[in-house]
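Participant: Input run-v1.pdb, format and content: PDB, C-alpha atoms.
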```
ATOM      1  CA  MET A  17     109.382 102.612  93.756
ATOM      2  CA  GLU A  18     109.577  99.377  91.819
ATOM      3  CA  PHE A  19     109.914  98.883  88.093
ATOM      4  CA  LEU A  20     107.228  97.670  85.703
ATOM      5  CA  LEU A  21     107.463  96.506  82.125
ATOM      6  CA  ILE A  22     104.906  98.044  79.785
ATOM      7  CA  ASP A  23     105.079  96.457  76.337
ATOM      8  CA  ALA A  24     108.635  95.306  77.218
ATOM      9  CA  ILE A  25     109.776  98.840  78.183
ATOM     10  CA  ALA A  26     111.014  99.201  81.785
ATOM     11  CA  VAL A  27     109.462 102.140  83.624
ATOM     12  CA  GLN A  28     109.566 103.376  87.202
ATOM     13  CA  PRO A  29     106.165 104.893  87.972
ATOM     14  CA  HIS A  30     105.779 107.806  90.376
ATOM     15  CA  TYR A  31     102.521 106.237  91.567
ATOM     16  CA  PHE A  32     101.131 102.702  91.235
ATOM     17  CA  ARG A  33      97.967 101.067  92.583
ATOM     18  CA  MET A  34      96.057  97.971  91.479
ATOM     19  CA  TYR A  35      92.557  97.042  92.603
ATOM     20  CA  GLU A  36      90.346  94.319  91.147
ATOM     21  CA  GLU A  37      90.365  94.852  87.344
ATOM     22  CA  LEU A  38      91.694  98.432  87.477
ATOM     23  CA  MET A  39      95.144  99.972  87.697
ATOM     24  CA  ASP A  40      96.240 103.544  88.411
ATOM     25  CA  ILE A  41      99.753 104.460  87.332
ATOM     26  CA  GLY A  42     101.472 107.842  87.481
ATOM     27  CA  LEU A  43     104.068 108.544  84.809
ATOM     28  CA  SER A  44     106.045 111.559  83.681
ATOM     29  CA  GLN A  45     105.214 113.010  80.270
ATOM     30  CA  THR A  46     108.416 111.698  78.673
ATOM     31  CA  VAL A  47     107.816 108.157  79.959
ATOM     32  CA  SER A  48     104.135 108.093  78.990
ATOM     33  CA  ASP A  49     104.967 109.355  75.473
ATOM     34  CA  ARG A  50     107.456 106.486  75.139
ATOM     35  CA  VAL A  51     105.265 103.616  76.388
ATOM     36  CA  PHE A  52     101.724 104.651  75.429
ATOM     37  CA  VAL A  53     102.238 105.037  71.703
ATOM     38  CA  THR A  54      99.394 104.763  69.209
ATOM     39  CA  LYS A  55      99.055 101.189  67.972
ATOM     40  CA  PRO A  56      97.483 100.348  64.615
ATOM     41  CA  HIS A  57      95.644  97.142  65.630
ATOM     42  CA  THR A  58      95.051  97.221  69.400
ATOM     43  CA  LEU A  59      94.505  99.632  72.265
ATOM     44  CA  SER A  60      95.870  97.252  74.923
ATOM     45  CA  TYR A  61      99.285  97.312  76.574
ATOM     46  CA  ALA A  62     101.064  94.335  78.193
ATOM     47  CA  PHE A  63     102.099  94.825  81.843
ATOM     48  CA  GLU A  64     104.642  92.779  83.766
ATOM     49  CA  LYS A  65     105.952  93.098  87.329
ATOM     50  CA  ASP A  66     108.748  91.057  88.938
ATOM     51  CA  GLY A  67     108.776  88.682  85.949
ATOM     52  CA  ILE A  68     105.042  87.940  86.265
ATOM     53  CA  SER A  69     102.564  88.968  83.587
ATOM     54  CA  LEU A  70      99.795  91.180  84.964
ATOM     55  CA  GLY A  71      97.865  90.922  81.704
ATOM     56  CA  TYR A  72      96.772  93.396  79.077
ATOM     57  CA  TYR A  73      95.274  96.749  80.028
ATOM     58  CA  LYS A  74      93.437  99.451  78.113
ATOM     59  CA  ILE A  75      93.541 103.146  79.090
ATOM     60  CA  LEU A  76      90.194 104.324  80.474
ATOM     61  CA  SER A  77      91.120 107.850  81.532
ATOM     62  CA  THR A  78      93.953 110.259  82.262
ATOM     63  CA  LYS A  79      94.211 113.143  84.695
ATOM     64  CA  ALA A  80      96.912 115.550  85.825
ATOM     65  CA  ALA A  81      98.470 114.738  89.195
ATOM     66  CA  ALA A  82      99.171 117.315  91.897
ATOM     67  CA  THR A  83     102.866 116.925  91.041
ATOM     68  CA  GLN A  84     103.694 118.959  87.966
ATOM     69  CA  GLY A  85     104.546 116.905  84.889
ATOM     70  CA  ILE A  86     102.952 113.678  86.157
ATOM     71  CA  THR A  87      99.871 112.131  84.553
ATOM     72  CA  ILE A  88      97.745 109.497  86.301
ATOM     73  CA  PHE A  89      96.431 106.826  83.925
ATOM     74  CA  THR A  90      93.507 104.611  84.918
ATOM     75  CA  LEU A  91      93.555 101.332  83.003
ATOM     76  CA  HIS A  92      91.145  98.372  82.810
ATOM     77  CA  LYS A  93      92.203  94.753  82.426
ATOM     78  CA  GLN A  94      91.245  93.256  79.066
TER      79      GLN A  94
END
```
Just dump the structure as structure tokens.

Facilitator:
Amino acid sequence: MEFLLIDAIAVQPHYFRMYEELMDIGLSQTVSDRVFVTKPHTLSYAFEKDGISLGYYKILSTKAAATQGITIFTLHKQ
């Protein structure tokens, strides 16, 4: 699996899919706690892949994956 930068933090997702304005990304609990922190002034997170900005995304929903300890986040481009 390839690496992504989320707010300048390198992560290796267990699952990654982009379609139109949506993104699904599967992260372990420890990784998601590190990158999806509560922000005081915005709910968006900057994504980058292979040195190219993918834009800012906001979390729409979360759900538990079939693999224990993995959470699937669905995000919408802002």

Participant: Fewer than 2 positions away in the same chain doesn't count, so skip those; otherwise give me all residues within 9 Å of Gln45 of chain A, counting all atoms listed in the file, as a list in words.

Facilitator: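 That gives Leu43, Val47, Ser48, Asp49, Arg50, Gly85, Ile86 and Thr87 of chain A.
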
Participant: Which is closest to Leu76 of chain A among A:Thr46, A:Thr90, A:Thr58, A:Gln28, if we use all atoms listed in the file?

Facilitator: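 So, comparing all the options, the nearest one is A:Thr90.
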
Participant: Excluding Phe19 of chain A and its own-chain neighbours fewer than 3 positions away, which residues fall within 8 Å of it when counting all atoms listed in the file? Please give them as number ranges by chain.

Facilitator: A: 26-29, 65-66

Participant: Please, what distance in Å, to one decimal, runs between atom CA of Ser60 of chain A and atom CA of Ala82 of chain A?

Facilitator: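 Between atom CA of Ser60 of chain A and atom CA of Ala82 of chain A the gap is 26.5 Å.
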
Participant: Select, from A:Lys55, A:Gly67, A:Leu91, A:Ala24, the residue with the minimum atom-to-atom distance to Lys79 of chain A, counting all atoms listed in the file.

Facilitator: A:Leu91

Participant: Quick one, how far is atom CA of Met39 of chain A from atom CA of Gln94 of chain A?

Facilitator: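 Answer for the atom CA of Met39 of chain A to atom CA of Gln94 of chain A separation: 11.6 Å.
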
Participant: For the atom pair atom CA of Ser69 of chain A and atom CA of Ser44 of chain A, what is the interatomic distance in Å to one decimal place?

Facilitator: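 Interatomic distance here is 22.9 Å.
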
Participant: Choose the residue, out of A:Asp40, A:Gln84, A:His92, A:Ile25, that has the smallest atom-to-atom separation from Tyr72 of chain A; count all atoms listed in the file.

Facilitator: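 Counting all atoms listed in the file, the residue closest to Tyr72 of chain A is A:His92.
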
Participant: Once 3 Å is added on each side, what are the centre and the three edge lengths, in Å to one decimal, of the axis-aligned box enclosing the listed atoms of segment 62-69 of chain A? Present them as lines of an AutoDock Vina configuration file.

Facilitator:
```
center_x = 104.9
center_y = 91.4
center_z = 83.6
size_x = 13.7
size_y = 12.9
size_z = 16.7
```

Participant: Measuring between only C-alpha atoms, which one of A:Val51, A:Pro56, A:His30, A:Ile68 shows the shortest distance to Thr83 of chain A?

Facilitator: A:His30
